[in-house]
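Structure file target-v8.txt; described as compact mmCIF, C-alpha atoms.
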# COMPACT_ATOMS: atom_id res chain seq x y z
CA MET A 19 -89.89 -38.99 -40.92
CA CYS A 20 -92.39 -41.49 -39.55
CA ALA A 21 -91.16 -44.92 -38.48
CA PHE A 22 -94.29 -46.85 -39.35
CA THR A 23 -93.23 -49.95 -37.49
CA GLU A 24 -93.88 -47.88 -34.36
CA PHE A 25 -96.77 -45.88 -35.77
CA TRP A 26 -98.36 -45.47 -32.30
CA LYS A 27 -95.48 -43.17 -31.35
CA HIS A 28 -96.07 -40.92 -34.35
CA SER A 29 -99.86 -40.89 -34.68
CA LYS A 30 -101.53 -37.58 -34.16
CA LYS A 31 -104.89 -39.24 -33.72
CA ILE A 32 -106.91 -42.42 -34.00
CA VAL A 33 -110.03 -42.18 -36.17
CA CYS A 34 -112.66 -44.80 -35.40
CA VAL A 35 -115.53 -45.78 -37.62
CA GLY A 36 -118.63 -46.97 -35.84
CA ARG A 37 -121.38 -49.25 -37.15
CA ASN A 38 -119.53 -50.78 -40.05
CA TYR A 39 -120.75 -54.39 -39.75
CA ALA A 40 -124.52 -54.86 -40.13
CA GLU A 41 -124.74 -57.63 -37.50
CA HIS A 42 -123.04 -55.43 -34.90
CA VAL A 43 -125.36 -52.53 -35.69
CA LYS A 44 -128.34 -54.83 -35.08
CA GLU A 45 -126.98 -56.31 -31.84
CA LEU A 46 -126.82 -52.84 -30.31
CA GLY A 47 -130.27 -51.91 -31.64
CA ASN A 48 -128.98 -49.17 -33.87
CA ASP A 49 -130.07 -47.98 -37.31
CA LEU A 50 -127.93 -48.82 -40.31
CA PRO A 51 -125.91 -45.74 -41.20
CA LYS A 52 -126.34 -43.92 -44.52
CA LYS A 53 -122.84 -42.51 -44.28
CA PRO A 54 -119.87 -43.48 -42.12
CA ILE A 55 -120.14 -42.49 -38.47
CA PHE A 56 -116.79 -41.70 -36.90
CA PHE A 57 -115.28 -40.55 -33.66
CA LEU A 58 -111.74 -40.07 -32.47
CA LYS A 59 -109.50 -41.47 -29.76
CA PRO A 60 -106.49 -39.50 -28.54
CA THR A 61 -103.05 -41.07 -28.72
CA THR A 62 -103.05 -41.51 -24.93
CA ALA A 63 -105.50 -44.36 -25.60
CA TYR A 64 -102.78 -46.56 -27.09
CA ILE A 65 -101.35 -49.52 -25.24
CA ARG A 66 -99.00 -52.17 -26.57
CA SER A 67 -98.28 -55.79 -25.81
CA GLY A 68 -97.44 -56.23 -22.14
CA GLU A 69 -99.50 -53.25 -21.01
CA LYS A 70 -102.87 -53.76 -19.36
CA ILE A 71 -106.35 -52.52 -20.18
CA VAL A 72 -107.66 -50.46 -17.27
CA THR A 73 -111.39 -50.01 -16.67
CA PRO A 74 -112.06 -46.25 -16.58
CA PRO A 75 -113.54 -44.61 -13.44
CA GLU A 76 -117.21 -45.48 -12.77
CA CYS A 77 -117.48 -47.82 -15.75
CA GLU A 78 -119.44 -50.98 -15.00
CA ASP A 79 -119.71 -52.35 -18.52
CA LEU A 80 -116.33 -52.33 -20.25
CA GLN A 81 -116.61 -54.07 -23.62
CA HIS A 82 -114.20 -55.31 -26.26
CA GLU A 83 -114.52 -54.43 -29.96
CA ILE A 84 -111.94 -56.06 -32.24
CA GLU A 85 -111.11 -53.98 -35.32
CA LEU A 86 -108.87 -53.88 -38.38
CA GLY A 87 -106.81 -50.70 -38.33
CA ILE A 88 -105.33 -48.84 -41.28
CA VAL A 89 -101.99 -47.06 -40.79
CA ILE A 90 -101.89 -43.88 -42.85
CA LYS A 91 -98.88 -43.32 -45.11
CA LYS A 92 -99.00 -39.64 -46.04
CA VAL A 93 -100.98 -36.45 -45.49
CA GLY A 94 -104.44 -36.91 -46.94
CA LYS A 95 -107.07 -34.22 -47.34
CA ASN A 96 -110.12 -34.67 -49.59
CA ILE A 97 -108.83 -38.09 -50.66
CA ALA A 98 -110.52 -39.44 -53.80
CA GLU A 99 -111.88 -42.97 -53.36
CA SER A 100 -109.96 -44.07 -56.47
CA GLU A 101 -106.66 -43.01 -54.87
CA ALA A 102 -107.41 -43.96 -51.27
CA MET A 103 -105.28 -47.10 -51.15
CA ASP A 104 -102.21 -44.97 -51.99
CA PHE A 105 -102.62 -43.45 -48.54
CA VAL A 106 -102.33 -46.82 -46.79
CA GLU A 107 -98.91 -47.74 -45.41
CA GLY A 108 -100.08 -50.85 -43.64
CA TYR A 109 -102.44 -52.30 -41.08
CA ALA A 110 -102.69 -53.26 -37.43
CA LEU A 111 -105.12 -55.21 -35.31
CA ALA A 112 -106.66 -53.16 -32.52
CA LEU A 113 -109.32 -53.12 -29.84
CA ASP A 114 -111.75 -50.24 -29.56
CA MET A 115 -112.37 -50.69 -25.83
CA THR A 116 -115.69 -49.11 -24.95
CA ALA A 117 -117.38 -48.13 -21.69
CA ARG A 118 -120.79 -49.30 -22.91
CA ASP A 119 -122.73 -47.95 -19.94
CA GLU A 120 -121.19 -44.54 -20.43
CA GLN A 121 -121.95 -44.72 -24.16
CA ARG A 122 -125.61 -45.49 -23.52
CA ALA A 123 -125.84 -42.62 -21.05
CA ALA A 124 -124.12 -40.27 -23.49
CA LYS A 125 -126.49 -41.18 -26.33
CA GLU A 126 -129.52 -40.65 -24.08
CA ALA A 127 -128.21 -37.34 -22.82
CA ARG A 128 -127.18 -36.39 -26.38
CA VAL A 129 -123.61 -35.62 -25.36
CA PRO A 130 -120.33 -36.74 -26.90
CA TRP A 131 -118.91 -40.23 -26.48
CA THR A 132 -115.76 -38.90 -24.85
CA LEU A 133 -115.77 -40.89 -21.61
CA ALA A 134 -117.11 -43.96 -23.44
CA LYS A 135 -114.42 -44.20 -26.08
CA MET A 136 -111.38 -42.03 -25.39
CA PHE A 137 -110.07 -43.12 -21.98
CA ASP A 138 -106.49 -44.23 -21.35
CA THR A 139 -105.86 -47.83 -22.54
CA SER A 140 -108.95 -47.79 -24.78
CA CYS A 141 -106.88 -48.63 -27.88
CA PRO A 142 -104.69 -51.72 -27.46
CA VAL A 143 -102.82 -52.29 -30.73
CA GLY A 144 -100.82 -55.11 -32.26
CA ASP A 145 -97.77 -54.96 -34.44
CA PHE A 146 -97.57 -53.04 -37.69
CA ILE A 147 -98.40 -55.15 -40.75
CA PRO A 148 -96.82 -53.84 -43.97
CA LYS A 149 -99.30 -53.28 -46.80
CA GLU A 150 -97.66 -55.84 -49.09
CA LYS A 151 -98.35 -58.62 -46.59
CA VAL A 152 -102.10 -58.18 -47.02
CA ILE A 153 -103.54 -59.56 -50.24
CA ASP A 154 -107.03 -58.15 -49.74
CA PRO A 155 -107.95 -56.11 -46.65
CA HIS A 156 -111.61 -56.74 -47.54
CA ASN A 157 -111.19 -60.48 -47.06
CA LEU A 158 -109.56 -60.97 -43.69
CA ASP A 159 -110.95 -63.19 -40.96
CA ILE A 160 -111.09 -61.23 -37.73
CA TRP A 161 -111.70 -62.83 -34.35
CA LEU A 162 -111.62 -62.20 -30.62
CA SER A 163 -111.85 -64.57 -27.65
CA VAL A 164 -112.23 -63.86 -23.93
CA ASN A 165 -110.62 -66.43 -21.64
CA GLY A 166 -110.60 -68.87 -24.53
CA ASP A 167 -114.28 -68.41 -25.47
CA MET A 168 -114.76 -67.14 -29.01
CA LYS A 169 -116.81 -63.96 -28.91
CA GLN A 170 -116.31 -62.13 -32.21
CA ASP A 171 -115.69 -64.10 -35.37
CA SER A 172 -116.24 -62.52 -38.77
CA ASN A 173 -114.61 -61.35 -41.97
CA THR A 174 -113.92 -57.84 -43.26
CA ARG A 175 -115.93 -58.57 -46.39
CA HIS A 176 -118.94 -57.69 -44.23
CA PHE A 177 -117.93 -54.02 -44.01
CA ILE A 178 -120.86 -51.73 -44.78
CA PHE A 179 -118.40 -49.08 -46.02
CA ARG A 180 -115.15 -50.23 -47.61
CA ILE A 181 -111.75 -48.73 -46.91
CA PRO A 182 -111.60 -46.27 -49.85
CA ARG A 183 -115.01 -44.84 -48.91
CA LEU A 184 -113.98 -44.53 -45.25
CA LEU A 185 -110.71 -42.74 -46.00
CA SER A 186 -112.38 -40.49 -48.54
CA HIS A 187 -115.25 -39.58 -46.18
CA VAL A 188 -113.12 -38.86 -43.12
CA SER A 189 -110.52 -36.86 -45.04
CA LYS A 190 -113.18 -34.49 -46.37
CA TYR A 191 -113.46 -33.14 -42.83
CA ILE A 192 -110.27 -34.12 -41.03
CA THR A 193 -106.83 -34.27 -42.66
CA LEU A 194 -105.19 -37.64 -42.09
CA GLU A 195 -101.50 -37.62 -41.22
CA PRO A 196 -98.65 -40.17 -41.50
CA GLY A 197 -98.84 -42.69 -38.68
CA ASP A 198 -102.50 -41.97 -37.93
CA LEU A 199 -104.59 -45.08 -37.32
CA VAL A 200 -108.08 -45.51 -38.78
CA LEU A 201 -110.18 -48.25 -37.16
CA THR A 202 -112.74 -49.81 -39.44
CA GLY A 203 -115.49 -50.94 -37.09
CA SER A 204 -116.24 -54.10 -35.14
CA PRO A 205 -118.32 -57.20 -35.93
CA ALA A 206 -121.08 -58.64 -33.75
CA GLY A 207 -120.26 -60.43 -30.51
CA VAL A 208 -119.16 -57.53 -28.31
CA SER A 209 -119.40 -58.41 -24.61
CA ARG A 210 -118.42 -57.24 -21.18
CA VAL A 211 -114.97 -57.93 -19.77
CA LEU A 212 -113.89 -57.99 -16.15
CA PRO A 213 -110.57 -57.56 -14.37
CA GLY A 214 -108.46 -60.65 -14.91
CA ASP A 215 -109.99 -61.48 -18.30
CA ILE A 216 -107.57 -62.38 -21.07
CA LEU A 217 -108.45 -61.04 -24.52
CA LYS A 218 -106.92 -62.69 -27.56
CA GLY A 219 -107.56 -61.62 -31.11
CA GLY A 220 -106.29 -62.22 -34.58
CA LEU A 221 -106.46 -61.70 -38.29
CA LYS A 222 -106.30 -64.60 -40.74
CA GLN A 223 -105.66 -64.48 -44.45
CA ASN A 224 -106.63 -67.51 -46.52
CA GLY A 225 -106.71 -69.64 -43.40
CA GLU A 226 -103.25 -68.56 -42.20
CA ASP A 227 -102.55 -66.38 -39.17
CA LEU A 228 -101.54 -62.88 -40.20
CA THR A 229 -101.28 -61.27 -36.76
CA SER A 230 -102.43 -61.80 -33.20
CA ILE A 231 -102.82 -59.78 -30.02
CA GLU A 232 -103.24 -60.61 -26.35
CA PHE A 233 -104.20 -58.21 -23.57
CA ILE A 234 -105.20 -58.61 -19.95
CA VAL A 235 -107.83 -56.48 -18.24
CA SER A 236 -106.53 -55.24 -14.93
CA MET B 2 -90.27 -23.89 -20.12
CA SER B 3 -91.25 -22.49 -23.50
CA LEU B 4 -94.61 -23.64 -24.78
CA SER B 5 -94.58 -21.34 -27.78
CA GLY B 6 -94.84 -24.32 -30.12
CA PHE B 7 -97.66 -25.91 -28.17
CA SER B 8 -99.83 -26.46 -31.22
CA LYS B 9 -97.04 -28.56 -32.76
CA VAL B 10 -95.96 -30.37 -29.59
CA GLY B 11 -99.27 -31.25 -28.00
CA ARG B 12 -101.06 -34.51 -28.86
CA LYS B 13 -104.62 -33.50 -28.09
CA ILE B 14 -107.07 -30.81 -27.04
CA VAL B 15 -109.67 -31.50 -24.36
CA ALA B 16 -112.62 -29.14 -24.44
CA VAL B 17 -115.46 -28.44 -22.06
CA GLY B 18 -118.98 -27.68 -23.17
CA ARG B 19 -121.70 -25.76 -21.35
CA ASN B 20 -119.31 -24.25 -18.84
CA TYR B 21 -121.02 -20.85 -18.76
CA ALA B 22 -124.64 -20.91 -17.57
CA ASP B 23 -125.81 -18.23 -19.99
CA HIS B 24 -124.35 -20.11 -22.95
CA ALA B 25 -125.99 -23.37 -21.88
CA LYS B 26 -129.33 -21.51 -21.68
CA GLU B 27 -128.98 -19.80 -25.04
CA LEU B 28 -128.70 -23.20 -26.74
CA GLY B 29 -131.54 -24.65 -24.68
CA ASN B 30 -129.27 -27.06 -22.86
CA ALA B 31 -129.54 -28.31 -19.30
CA LEU B 32 -126.85 -27.20 -16.87
CA PRO B 33 -124.32 -30.00 -16.46
CA SER B 34 -123.81 -31.73 -13.12
CA LYS B 35 -120.35 -32.79 -14.27
CA PRO B 36 -118.08 -31.39 -16.97
CA LEU B 37 -119.20 -32.19 -20.50
CA LEU B 38 -116.01 -33.14 -22.30
CA PHE B 39 -115.12 -33.51 -25.95
CA MET B 40 -111.83 -33.48 -27.80
CA LYS B 41 -110.34 -31.88 -30.87
CA PRO B 42 -107.44 -33.41 -32.81
CA THR B 43 -104.28 -31.38 -33.41
CA SER B 44 -105.19 -31.29 -37.12
CA SER B 45 -107.82 -28.71 -36.18
CA TYR B 46 -105.26 -26.06 -35.18
CA ILE B 47 -104.72 -22.91 -37.21
CA THR B 48 -102.59 -19.93 -36.22
CA ALA B 49 -102.32 -16.29 -37.29
CA GLY B 50 -102.39 -15.89 -41.06
CA GLN B 51 -104.39 -19.05 -41.72
CA SER B 52 -108.10 -19.04 -42.50
CA ILE B 53 -111.06 -20.82 -40.98
CA GLU B 54 -112.70 -23.11 -43.55
CA ILE B 55 -116.40 -23.86 -43.36
CA PRO B 56 -116.63 -27.67 -43.57
CA LEU B 57 -118.35 -29.30 -46.54
CA GLY B 58 -122.11 -29.33 -46.15
CA CYS B 59 -122.14 -27.07 -43.09
CA SER B 60 -124.66 -24.28 -43.28
CA GLU B 61 -124.29 -22.96 -39.76
CA LEU B 62 -120.74 -22.44 -38.55
CA HIS B 63 -120.54 -20.79 -35.15
CA HIS B 64 -117.77 -18.96 -33.31
CA GLU B 65 -117.08 -19.79 -29.64
CA ILE B 66 -114.37 -17.72 -27.94
CA GLU B 67 -112.55 -19.57 -25.14
CA LEU B 68 -109.67 -19.30 -22.70
CA GLY B 69 -107.23 -22.18 -23.19
CA ALA B 70 -104.74 -23.55 -20.67
CA ILE B 71 -101.59 -25.28 -21.92
CA ILE B 72 -100.26 -28.30 -20.04
CA ASN B 73 -96.54 -28.17 -19.25
CA ASN B 74 -95.88 -31.68 -18.00
CA GLU B 75 -97.38 -35.12 -18.15
CA CYS B 76 -99.95 -35.72 -15.44
CA LYS B 77 -102.66 -38.19 -14.55
CA ALA B 78 -105.23 -38.38 -11.76
CA ILE B 79 -104.04 -35.18 -10.14
CA SER B 80 -105.89 -33.29 -7.43
CA GLU B 81 -107.46 -29.86 -7.80
CA ALA B 82 -104.80 -28.53 -5.44
CA GLN B 83 -102.01 -29.72 -7.76
CA ALA B 84 -103.69 -28.81 -11.04
CA MET B 85 -102.28 -25.32 -11.60
CA ASN B 86 -98.72 -26.69 -11.26
CA PHE B 87 -99.33 -28.32 -14.61
CA VAL B 88 -100.38 -25.17 -16.47
CA GLY B 89 -97.46 -23.62 -18.32
CA GLY B 90 -99.30 -20.87 -20.16
CA TYR B 91 -102.57 -19.84 -21.76
CA CYS B 92 -103.95 -19.01 -25.15
CA LEU B 93 -107.04 -17.42 -26.61
CA ALA B 94 -108.91 -19.79 -28.88
CA LEU B 95 -112.01 -20.19 -31.00
CA ASP B 96 -113.84 -23.52 -30.70
CA MET B 97 -115.36 -23.30 -34.16
CA THR B 98 -118.49 -25.45 -34.23
CA ALA B 99 -120.67 -26.73 -37.08
CA ARG B 100 -123.92 -26.12 -35.21
CA ASP B 101 -126.08 -27.92 -37.78
CA PHE B 102 -123.87 -31.03 -37.61
CA GLN B 103 -123.99 -30.81 -33.83
CA ASP B 104 -127.80 -30.57 -33.74
CA GLU B 105 -128.03 -33.62 -36.00
CA ALA B 106 -125.55 -35.55 -33.84
CA LYS B 107 -127.47 -34.71 -30.69
CA LYS B 108 -130.77 -35.80 -32.23
CA LYS B 109 -129.32 -39.17 -33.20
CA GLY B 110 -127.09 -39.66 -30.16
CA HIS B 111 -124.06 -39.69 -32.48
CA PRO B 112 -120.52 -38.51 -31.77
CA TRP B 113 -119.78 -34.83 -32.20
CA ALA B 114 -116.77 -35.50 -34.41
CA MET B 115 -117.97 -33.71 -37.51
CA ALA B 116 -119.34 -30.81 -35.48
CA LYS B 117 -116.20 -30.09 -33.49
CA MET B 118 -113.15 -31.81 -34.96
CA PHE B 119 -112.94 -30.59 -38.55
CA ASP B 120 -109.79 -29.00 -39.99
CA THR B 121 -109.37 -25.33 -38.98
CA SER B 122 -111.88 -25.67 -36.15
CA LEU B 123 -109.33 -24.42 -33.61
CA PRO B 124 -107.81 -21.01 -34.35
CA VAL B 125 -105.43 -20.12 -31.52
CA SER B 126 -103.32 -17.16 -30.43
CA ASP B 127 -99.66 -17.37 -29.53
CA VAL B 128 -98.94 -18.64 -26.04
CA ILE B 129 -99.83 -16.17 -23.28
CA PRO B 130 -97.23 -16.32 -20.47
CA LEU B 131 -98.51 -17.21 -17.00
CA GLU B 132 -97.67 -13.82 -15.54
CA LYS B 133 -100.03 -12.08 -17.96
CA ILE B 134 -102.98 -13.99 -16.49
CA PRO B 135 -102.48 -13.94 -12.72
CA ASP B 136 -106.02 -15.19 -12.12
CA PRO B 137 -107.59 -17.44 -14.78
CA ALA B 138 -110.91 -17.10 -12.91
CA ASN B 139 -111.08 -13.40 -13.71
CA VAL B 140 -110.40 -13.02 -17.41
CA GLN B 141 -112.53 -10.93 -19.74
CA LEU B 142 -113.06 -12.47 -23.19
CA TRP B 143 -114.67 -10.83 -26.18
CA CYS B 144 -115.46 -11.85 -29.72
CA LYS B 145 -116.58 -9.72 -32.67
CA VAL B 146 -117.67 -10.60 -36.18
CA ASN B 147 -117.00 -7.89 -38.75
CA GLU B 148 -116.44 -5.45 -35.88
CA GLU B 149 -119.81 -6.22 -34.32
CA MET B 150 -119.60 -7.42 -30.70
CA ARG B 151 -121.03 -10.91 -30.31
CA GLN B 152 -119.58 -12.41 -27.14
CA ASN B 153 -118.38 -10.51 -24.08
CA GLY B 154 -117.93 -12.56 -20.97
CA CYS B 155 -115.74 -13.32 -18.01
CA THR B 156 -114.22 -16.57 -16.82
CA ALA B 157 -115.61 -15.78 -13.35
CA ASP B 158 -118.88 -17.13 -14.77
CA MET B 159 -117.44 -20.57 -15.48
CA ILE B 160 -119.44 -23.33 -13.79
CA PHE B 161 -116.40 -25.58 -13.31
CA SER B 162 -113.11 -23.87 -12.46
CA LEU B 163 -109.89 -24.53 -14.34
CA PRO B 164 -108.24 -26.50 -11.49
CA TYR B 165 -111.38 -28.63 -11.15
CA LEU B 166 -111.48 -29.27 -14.88
CA ILE B 167 -107.83 -30.26 -15.13
CA SER B 168 -108.16 -32.61 -12.17
CA TYR B 169 -111.37 -34.15 -13.52
CA ILE B 170 -110.00 -34.58 -17.04
CA SER B 171 -106.74 -36.09 -15.78
CA HIS B 172 -108.61 -38.93 -14.08
CA TYR B 173 -109.80 -40.23 -17.47
CA PHE B 174 -107.03 -39.09 -19.79
CA THR B 175 -103.32 -38.67 -19.20
CA LEU B 176 -102.43 -35.10 -20.11
CA GLN B 177 -99.13 -34.42 -21.85
CA LYS B 178 -96.88 -31.42 -22.41
CA GLY B 179 -98.37 -29.12 -25.01
CA ASP B 180 -101.90 -30.49 -24.64
CA LEU B 181 -104.54 -27.78 -24.52
CA ILE B 182 -107.56 -27.51 -22.23
CA LEU B 183 -110.39 -25.34 -23.58
CA THR B 184 -112.59 -24.00 -20.80
CA GLY B 185 -115.91 -23.22 -22.46
CA THR B 186 -117.56 -20.20 -24.03
CA PRO B 187 -119.88 -17.44 -22.78
CA ALA B 188 -123.21 -16.55 -24.35
CA GLY B 189 -123.40 -14.80 -27.70
CA VAL B 190 -122.34 -17.60 -30.05
CA GLY B 191 -123.61 -17.11 -33.58
CA PRO B 192 -123.10 -17.92 -37.23
CA VAL B 193 -120.36 -16.71 -39.54
CA LYS B 194 -120.15 -16.94 -43.30
CA ALA B 195 -117.41 -16.91 -45.91
CA GLY B 196 -115.85 -13.47 -46.06
CA ASP B 197 -116.46 -12.65 -42.40
CA VAL B 198 -113.60 -11.62 -40.13
CA ILE B 199 -113.69 -12.91 -36.56
CA THR B 200 -111.70 -10.99 -33.98
CA GLY B 201 -111.30 -11.78 -30.32
CA GLY B 202 -109.37 -10.62 -27.33
CA ILE B 203 -108.49 -10.51 -23.71
CA PRO B 204 -108.23 -6.76 -22.91
CA ASP B 205 -104.61 -5.61 -22.48
CA VAL B 206 -103.35 -9.13 -23.02
CA ILE B 207 -103.90 -10.46 -26.53
CA ASP B 208 -105.94 -10.13 -29.73
CA ILE B 209 -106.69 -12.59 -32.50
CA SER B 210 -108.13 -12.18 -35.97
CA PHE B 211 -109.16 -14.88 -38.42
CA ASN B 212 -110.89 -14.81 -41.81
CA VAL B 213 -113.65 -17.24 -42.71
CA THR B 214 -113.57 -19.00 -46.07
CA GLN B 215 -115.29 -21.95 -47.68
CA ARG B 216 -113.49 -25.32 -47.74
CA SER B 217 -113.11 -26.46 -51.32
Take the structure in the file and write it out as structure tokens.
Amino acid sequence: MCAFTEFWKHSKKIVCVGRNYAEHVKELGNDLPKKPIFFLKPTTAYIRSGEKIVTPPECEDLQHEIELGIVIKKVGKNIAESEAMDFVEGYALALDMTARDEQRAAKEARVPWTLAKMFDTSCPVGDFIPKEKVIDPHNLDIWLSVNGDMKQDSNTRHFIFRIPRLLSHVSKYITLEPGDLVLTGSPAGVSRVLPGDILKGGLKQNGEDLTSIEFIVS
Amino acid sequence: MSLSGFSKVGRKIVAVGRNYADHAKELGNALPSKPLLFMKPTSSYITAGQSIEIPLGCSELHHEIELGAIINNECKAISEAQAMNFVGGYCLALDMTARDFQDEAKKKGHPWAMAKMFDTSLPVSDVIPLEKIPDPANVQLWCKVNEEMRQNGCTADMIFSLPYLISYISHYFTLQKGDLILTGTPAGVGPVKAGDVITGGIPDVIDISFNVTQRS
């Protein structure tokens, strides 16, 4: 039985969608995707409030990426888009911390993004948000500031691929399990963070705060 | 400490690519100066009696026979000298790979998720007790498809040793009890199709056999 309020203890994996906001795709000089691009983070990437983000070995360009996460409710394989929202238990706000220098090197060398995306503390997560609290996950303001400076500030209506398409696509290849987290991509405004930086992020619904997170880079 | 349920207890699998020089060459890849790591999720595990499913749209599924080492205790940033203290057992595994997806990912600089992480991409044997593999650097591995020998190598040819790999990996990722380290595959990888039977073994230690089907 999965206690969703502590989904990070029960997740088997974190599935991350890349390039899901057009402005972010452009800022990194990438091509718009024809189908969702995804990668995984292991559960050792999770950290919670009070824990610190740690720059991985040799990384000299650690970057934040604020993302809406979907907490999976039940086992899903070959999920039909029309039924996808039945597989959603709730949401969480998360950071897809990225070693950008390692990612660039990996892309050039045509090797996996493992060291860029999967390191310990690369997935800070906020509290579980029950599904019924969210009126429309495709209309949430999402923002991130570093030391009080707003860096990322967008809305999930700018998704290239919407949630049902993402869950359907991923589950054709990889079965989703209760407590798994699916991250839905990050808007433009990613930037480097340094030790001592304070990252704050939030989701707003119709102008009201829905959730917030705060993490320090150590 | 029994690790017989490692595929249910572990939270991740960390795999190494291009760890046998002849395999790197056969795919036209450069020899790595540091371990090339990727991961598989636990949803990729299958055990005896279950079938490998060719993922949707894949037209070139390859077998890759590998020695796996099972972690017996949580560890992080450990030295090579300490590494083998954290191995509780071994297994024989197939790192099933959608080679066409992988080629496309490499061309575009994309993640290897679809190539390596799909359901059923990790058939494994039961746990092999430590005493059956006194020296992980001297293990013969073979793989046949429909009784025809395809891969026949020895872990002595690994570029990076198991202790080195565990130490290296543990500096980036905390390893937990039940996690699996896959140590790479020798030359001879090749395609399989629905209806094929893949067998593999470590002589006098363990055998595996898995059928290949199409995912529907």
Could you please determine the separation between atom CA of His82 of chain A and atom CA of Ile160 of chain A in Å, to one decimal place?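 Separation between atom CA of His82 of chain A and atom CA of Ile160 of chain A: 13.3 Å.
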Could you give me, as a Markdown table, a per-residue list for chain A showing, wherever an atom lies at most 6 Å from an atom of chain B, the closest pair of atoms and their distance in Å to one decimal, using all atoms listed in the file and sorting by chain then residue number from low to high?
| residue | atom | partner | partner_atom | distance |
| --- | --- | --- | --- | --- |
| A:Phe57 | CA | B:Ala114 | CA | 5.3 |
| A:Lys125 | CA | B:Gly110 | CA | 4.2 |
| A:Arg128 | CA | B:Lys107 | CA | 4.6 |
| A:Pro130 | CA | B:Pro112 | CA | 5.2 |
| A:Trp131 | CA | B:Pro112 | CA | 5.8 |
| A:Thr132 | CA | B:Phe39 | CA | 5.5 |
| A:Phe137 | CA | B:Tyr173 | CA | 5.4 |
| A:Asp138 | CA | B:Phe174 | CA | 5.4 |
| A:Tyr191 | CA | B:Phe119 | CA | 5.0 |
| A:Ile192 | CA | B:Phe119 | CA | 5.1 |
Could you state the separation of atom CA of Pro124 of chain B and atom CA of Asn153 of chain B in Å, given to one decimal place?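 According to the coordinates, atom CA of Pro124 of chain B and atom CA of Asn153 of chain B are separated by 18.1 Å.
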Set up a box along x, y and z of the file covering all listed atoms of segment 28-39 of chain B, add 6 Å on every one of the six sides, and write the centre and edge lengths in Å to one decimal, as lines of an AutoDock Vina configuration file.
center_x = -123.3
center_y = -28.4
center_z = -19.9
size_x = 28.4
size_y = 22.3
size_z = 25.6
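The two atoms in question, atom CA of Pro51 of chain A and atom CA of Leu133 of chain A, are spaced 22.6 Å apart.
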Could you pull the residues within 10 Å of Phe22 of chain A, counting only C-alpha atoms, minus those fewer than 5 positions along the same chain, as number ranges by chain? A: 27-29, 89-91, 107-109, 146-148, 196-198
Kindly indicate which residue among A:Thr139, A:Gln170, A:Thr193, A:Thr73 lies nearest to Val208 of chain A, using all atoms listed in the file for the distances.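 Ranked by minimum distance to Val208 of chain A, first place goes to A:Gln170.
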Applying 9 Å and only C-alpha atoms, which residues near Glu69 of chain A remain after dropping the ones on its own chain fewer than 5 positions away? List them as a tab-separated table (two decimals) with C-alpha atoms, in the coordinates of the input.
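Listed below is the output, part.tsv:
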chain	number	residue	atom	x	y	z
A	139	THR	CA	-105.86	-47.83	-22.54
A	142	PRO	CA	-104.69	-51.72	-27.46
A	233	PHE	CA	-104.20	-58.21	-23.57
A	234	ILE	CA	-105.20	-58.61	-19.95
Taking 3 positions as the minimum chain separation for residues in the same chain, which residues sit within 8 Å of His156 of chain A when counting only C-alpha atoms? Answer as an mmCIF file with C-alpha atoms, in the coordinates of the input.
data_model
loop_
_atom_site.group_PDB
_atom_site.id
_atom_site.type_symbol
_atom_site.label_atom_id
_atom_site.label_comp_id
_atom_site.auth_asym_id
_atom_site.auth_seq_id
_atom_site.Cartn_x
_atom_site.Cartn_y
_atom_site.Cartn_z
ATOM 1 C CA ASN A 173 -114.610 -61.350 -41.970
ATOM 2 C CA THR A 174 -113.920 -57.840 -43.260
ATOM 3 C CA ARG A 175 -115.930 -58.570 -46.390
ATOM 4 C CA PHE A 177 -117.930 -54.020 -44.010
ATOM 5 C CA ARG A 180 -115.150 -50.230 -47.610
#
Non-local contacts of segment 19-30 of chain B (6 Å; only C-alpha atoms; under 5 positions in same chain excluded) as a PyMOL selection string: chain B and resi 158-160+185+187-188
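Distances from A:Val211, A:Ala127, A:Ile181, A:Ile84 to Asp104 of chain A were compared using only C-alpha atoms, and the smallest one belongs to A:Ile181.
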Counting only C-alpha atoms, which residues sit no farther than 9 Å from the position (-110.0, -60.6, -37.4) in the file's frame? I'd like them as a PDB file with C-alpha atoms, keeping the file's coordinate frame.
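The resulting file, result-v1.pdb, is reproduced below:
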ATOM      1  CA  ILE A  84    -111.940 -56.060 -32.240  1.00  0.00           C
ATOM      2  CA  GLU A  85    -111.110 -53.980 -35.320  1.00  0.00           C
ATOM      3  CA  LEU A  86    -108.870 -53.880 -38.380  1.00  0.00           C
ATOM      4  CA  LEU A 111    -105.120 -55.210 -35.310  1.00  0.00           C
ATOM      5  CA  LEU A 158    -109.560 -60.970 -43.690  1.00  0.00           C
ATOM      6  CA  ASP A 159    -110.950 -63.190 -40.960  1.00  0.00           C
ATOM      7  CA  ILE A 160    -111.090 -61.230 -37.730  1.00  0.00           C
ATOM      8  CA  TRP A 161    -111.700 -62.830 -34.350  1.00  0.00           C
ATOM      9  CA  LEU A 162    -111.620 -62.200 -30.620  1.00  0.00           C
ATOM     10  CA  GLN A 170    -116.310 -62.130 -32.210  1.00  0.00           C
ATOM     11  CA  ASP A 171    -115.690 -64.100 -35.370  1.00  0.00           C
ATOM     12  CA  SER A 172    -116.240 -62.520 -38.770  1.00  0.00           C
ATOM     13  CA  ASN A 173    -114.610 -61.350 -41.970  1.00  0.00           C
ATOM     14  CA  THR A 174    -113.920 -57.840 -43.260  1.00  0.00           C
ATOM     15  CA  GLY A 219    -107.560 -61.620 -31.110  1.00  0.00           C
ATOM     16  CA  GLY A 220    -106.290 -62.220 -34.580  1.00  0.00           C
ATOM     17  CA  LEU A 221    -106.460 -61.700 -38.290  1.00  0.00           C
ATOM     18  CA  LYS A 222    -106.300 -64.600 -40.740  1.00  0.00           C
ATOM     19  CA  THR A 229    -101.280 -61.270 -36.760  1.00  0.00           C
ATOM     20  CA  SER A 230    -102.430 -61.800 -33.200  1.00  0.00           C
TER      21      SER A 230
END
